[in-house]
Structure formats: structure tokens, C-alpha cells
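Here's the structure we're looking at; comments come further down.
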Amino acid sequence: MKPAPFKYFAPTSVEEALSHLTEYGDEAKILAGGQSLVPTMNFRLAQPAVLIDLNRVEELFYIKNENSGGLKIGAMTRQQEMERSKLILEKSPLIHETMPHIAHPQIRNRGTVGGSLAHADPAAELPAVMLALNAEFRLRSQQGERKIAANEFFIDLFFTALEPEELLVEISLPSLPKRSGCAFCEIARRHGDFALVGVAAVVTLDQKSQCKQARVVLMSVGNGPIAAEQARQALIGQKPTTEAIRAAAESAAEKDIDPPGDMHASVAYRRHLARVLTEQALTEAFERAKKS
């Protein structure tokens, strides 16, 4: 099939893109990498009246240091660029570790970080990772701009806090404290497929080698990335022993999530994967924190 007819705009600045969004509102769709939008248009599952292509908006392509020691990433930055970036490797090893799990190289060549986040697929890696890293998103409209934390951005299945006239323009990542470690794990039927379950973990140890901070986020187990609060609480103040990590993983699988069952995995199997992957991710994260 071919997409339904639509108007097409290719702005060269954020302001120009925002003017089109203001004019057309709900009738418009943003084209970033197009790896999700174009197939749905071809099958006519999405039929926008207007397509606003951001691929000529050069001001949205960047990865740079933040004054506070973290990172700023432009929304149109290609996933492949993030995968290969030395700055990402140095400042955000969790993103570096995660990128090869996203689809295939051909997809990452075109896919963008902002496009993935705005699409908010519950099986996508980047929303879970950004939530684990406590990222902040900068949104712009012609009325101004606002910043919103990742834990407030993802609202429901394919639904975010973005208003019809707003554009996601930048992602800010805070620097990790000393003695921090990260890890990402997922299971898919084949490499490049959507994961049956995935886990991103970020932990920090105090001077007594006890868990000072912990964030565990699961994907493909609900309508969006799920922060495992019970697992986090089970770890705070504890030595990261095998027993403590296993107890946290049990909490994540049994208390923090209510996973769906489908033709790919039953509810019980997703809980099993959540338990195993959370234990694996936390074990790796704590080991890296001890060495940092």
C-alpha cells in the first residue's frame, strides 16, 4: 500500500517547524527518522494531513558537554551517531551499551533519539534508558519552552506529555555520581527484534560500599517504561550481596510490574525474564560501581 495524500513541509529551522505545528496542530505529524511513522503511513494506520520533515533542521543534530558535567543531545541526533560517539562512551556508558540492541544498523542509521522518545513504544530501549538516567527533556512551542523530567514525559501506550504544538528539541543527561555503575540487558526472539523484556539499571555505592542510589527500569512489561520502585527500596542502604540483589529482582518481577501476555510470551514467562534480567543487570551494575 501507499500512504494517503498529505501536505509536506521541510523546514530548515526550529522556528519554521513550530510555525507549521501551530498552524496545523493535531493534523500534523513530525518526520524524524521515519522508521516507525513511514511504515504506519504505508499501511494507512496513520494518515496525517500534514508531514513536517525535520531532517534539514541542522540545529537539532548534536551531542555536547553540559556545564554541570552531563550531556546535551539534540533530538535529531541519529542513533548510529550516539552508538559511535566517544563522548557518549565517556559520559554515558549505559547509552553506549544499549545502542547495539536497537533494531539493526540500517535502522539506527536513520532513527533518531528524539523520534524514538516521542513515539514512546513500550518495547523501545531509549525511553527505558532515559528514565533510568533521570533525563530531562526540553520541549518548545511558539509560546515558549518547558522542561520535563523523563518520569513525567511517558504517560501511556504511545502517548507522551507533548502537546500538539510542541516539539521535543533536546535531551539533558545529568552526570553520574562517583562510584556509580550501569547495565542494560534484554531478551528478544532474534537479535534486532523487539525485546520480550528489557532492564536498565543504574546504581551508586556510598563510602561503606552500601547502595546509596538505585534506579531499575523495565521495558516491554506495560504501557511504557516501568520504574521498579519496590526493587529500588529493597536495595537502598544494603550491601549488594547476591541475596540482596536477588530479593530486589524478585520485587521487580512480582510487585513492580503487571506484564501483558501475548503470542510471544505469557505473563509468567515475562515475570521470569524480568526476575532473571533484573538480577543480571543489577549484578553487572554493582560490579562496575565497585571498579569506578
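Chain identifiers are assigned as A, B, and so on, following the order in which chains appear in the C-alpha cells; residues are numbered from 1 within each chain, and ligands are numbered from 1 in order of appearance.
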Where does DSSP see helix (DSSP H, G or I) in stretch 87-259 of chain A, if you list the residues as an NGL selection string?
:A and (87-91 or 93-101 or 105-110 or 113-119 or 125-132 or 150-153 or 229-235 or 242-256)
Near stretch 32-46 of chain A, counting only C-alpha atoms, which residues have an atom at most 8 Å away, once you skip same-chain residues fewer than 5 positions from it, shown as a list in words?
Met1, Lys2, Pro3, Ala4, Asp53, Leu54, Asn55, Met76, Arg78, Ile107, Arg110, Gly111, Thr112, Gly114, Gly115 and His119 of chain A
Only N, CA and C atoms, please: the residues just picked out, written as a PDB file, in the first residue's frame.
ATOM      1  N   MET A   1       0.836  -1.200   0.000  1.00  0.00           N
ATOM      2  CA  MET A   1       0.000   0.000   0.000  1.00  0.00           C
ATOM      3  C   MET A   1       0.865   1.242   0.000  1.00  0.00           C
ATOM      4  N   LYS A   2       0.258   2.356  -0.341  1.00  0.00           N
ATOM      5  CA  LYS A   2       0.940   3.643  -0.300  1.00  0.00           C
ATOM      6  C   LYS A   2       0.186   4.555   0.657  1.00  0.00           C
ATOM      7  N   PRO A   3       0.897   5.550   1.225  1.00  0.00           N
ATOM      8  CA  PRO A   3       0.234   6.419   2.194  1.00  0.00           C
ATOM      9  C   PRO A   3      -0.857   7.272   1.551  1.00  0.00           C
ATOM     10  N   ALA A   4      -1.786   7.717   2.387  1.00  0.00           N
ATOM     11  CA  ALA A   4      -2.820   8.648   1.934  1.00  0.00           C
ATOM     12  C   ALA A   4      -2.172   9.989   1.590  1.00  0.00           C
ATOM     13  N   ASP A  53       8.924  17.536   8.033  1.00  0.00           N
ATOM     14  CA  ASP A  53      10.188  16.799   7.975  1.00  0.00           C
ATOM     15  C   ASP A  53      11.295  17.627   8.631  1.00  0.00           C
ATOM     16  N   LEU A  54      11.904  17.088   9.697  1.00  0.00           N
ATOM     17  CA  LEU A  54      12.932  17.825  10.443  1.00  0.00           C
ATOM     18  C   LEU A  54      14.356  17.541   9.968  1.00  0.00           C
ATOM     19  N   ASN A  55      14.529  16.800   8.913  1.00  0.00           N
ATOM     20  CA  ASN A  55      15.861  16.360   8.523  1.00  0.00           C
ATOM     21  C   ASN A  55      16.760  17.472   7.991  1.00  0.00           C
ATOM     22  N   MET A  76      17.359  15.392  16.966  1.00  0.00           N
ATOM     23  CA  MET A  76      17.525  14.757  15.653  1.00  0.00           C
ATOM     24  C   MET A  76      18.844  13.992  15.524  1.00  0.00           C
ATOM     25  N   ARG A  78      21.219  11.107  15.213  1.00  0.00           N
ATOM     26  CA  ARG A  78      20.998   9.731  14.757  1.00  0.00           C
ATOM     27  C   ARG A  78      21.445   8.730  15.819  1.00  0.00           C
ATOM     28  N   ILE A 107      18.524   0.534  10.550  1.00  0.00           N
ATOM     29  CA  ILE A 107      17.522   1.321  11.273  1.00  0.00           C
ATOM     30  C   ILE A 107      18.196   2.431  12.053  1.00  0.00           C
ATOM     31  N   ARG A 110      19.200   5.787  10.378  1.00  0.00           N
ATOM     32  CA  ARG A 110      18.184   6.808  10.137  1.00  0.00           C
ATOM     33  C   ARG A 110      17.437   7.204  11.409  1.00  0.00           C
ATOM     34  N   GLY A 111      17.245   6.247  12.299  1.00  0.00           N
ATOM     35  CA  GLY A 111      16.464   6.523  13.505  1.00  0.00           C
ATOM     36  C   GLY A 111      17.115   7.591  14.371  1.00  0.00           C
ATOM     37  N   THR A 112      16.290   8.394  15.037  1.00  0.00           N
ATOM     38  CA  THR A 112      16.786   9.484  15.876  1.00  0.00           C
ATOM     39  C   THR A 112      16.404   9.245  17.334  1.00  0.00           C
ATOM     40  N   GLY A 114      15.279  11.572  19.435  1.00  0.00           N
ATOM     41  CA  GLY A 114      14.021  12.266  19.718  1.00  0.00           C
ATOM     42  C   GLY A 114      12.820  11.554  19.144  1.00  0.00           C
ATOM     43  N   GLY A 115      12.978  10.991  17.950  1.00  0.00           N
ATOM     44  CA  GLY A 115      11.877  10.260  17.336  1.00  0.00           C
ATOM     45  C   GLY A 115      11.466   9.062  18.162  1.00  0.00           C
ATOM     46  N   HIS A 119       7.850   8.780  20.086  1.00  0.00           N
ATOM     47  CA  HIS A 119       6.984   7.678  19.668  1.00  0.00           C
ATOM     48  C   HIS A 119       6.511   6.858  20.874  1.00  0.00           C
TER      49      HIS A 119
END
Find the residue from A:Pro164, A:Lys72, A:Ala200, A:Ile63 that sits nearest to A:Ser19; use only C-alpha atoms when measuring.
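Checking each of A:Pro164, A:Lys72, A:Ala200, A:Ile63 against A:Ser19, counting only C-alpha atoms, the winner is A:Pro164.
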With distances taken over only C-alpha atoms, which residue among A:Glu125, A:Glu90, A:Glu165, A:Glu186 lies nearest A:Gly69?
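Of all the options, A:Glu90 lies closest to A:Gly69.
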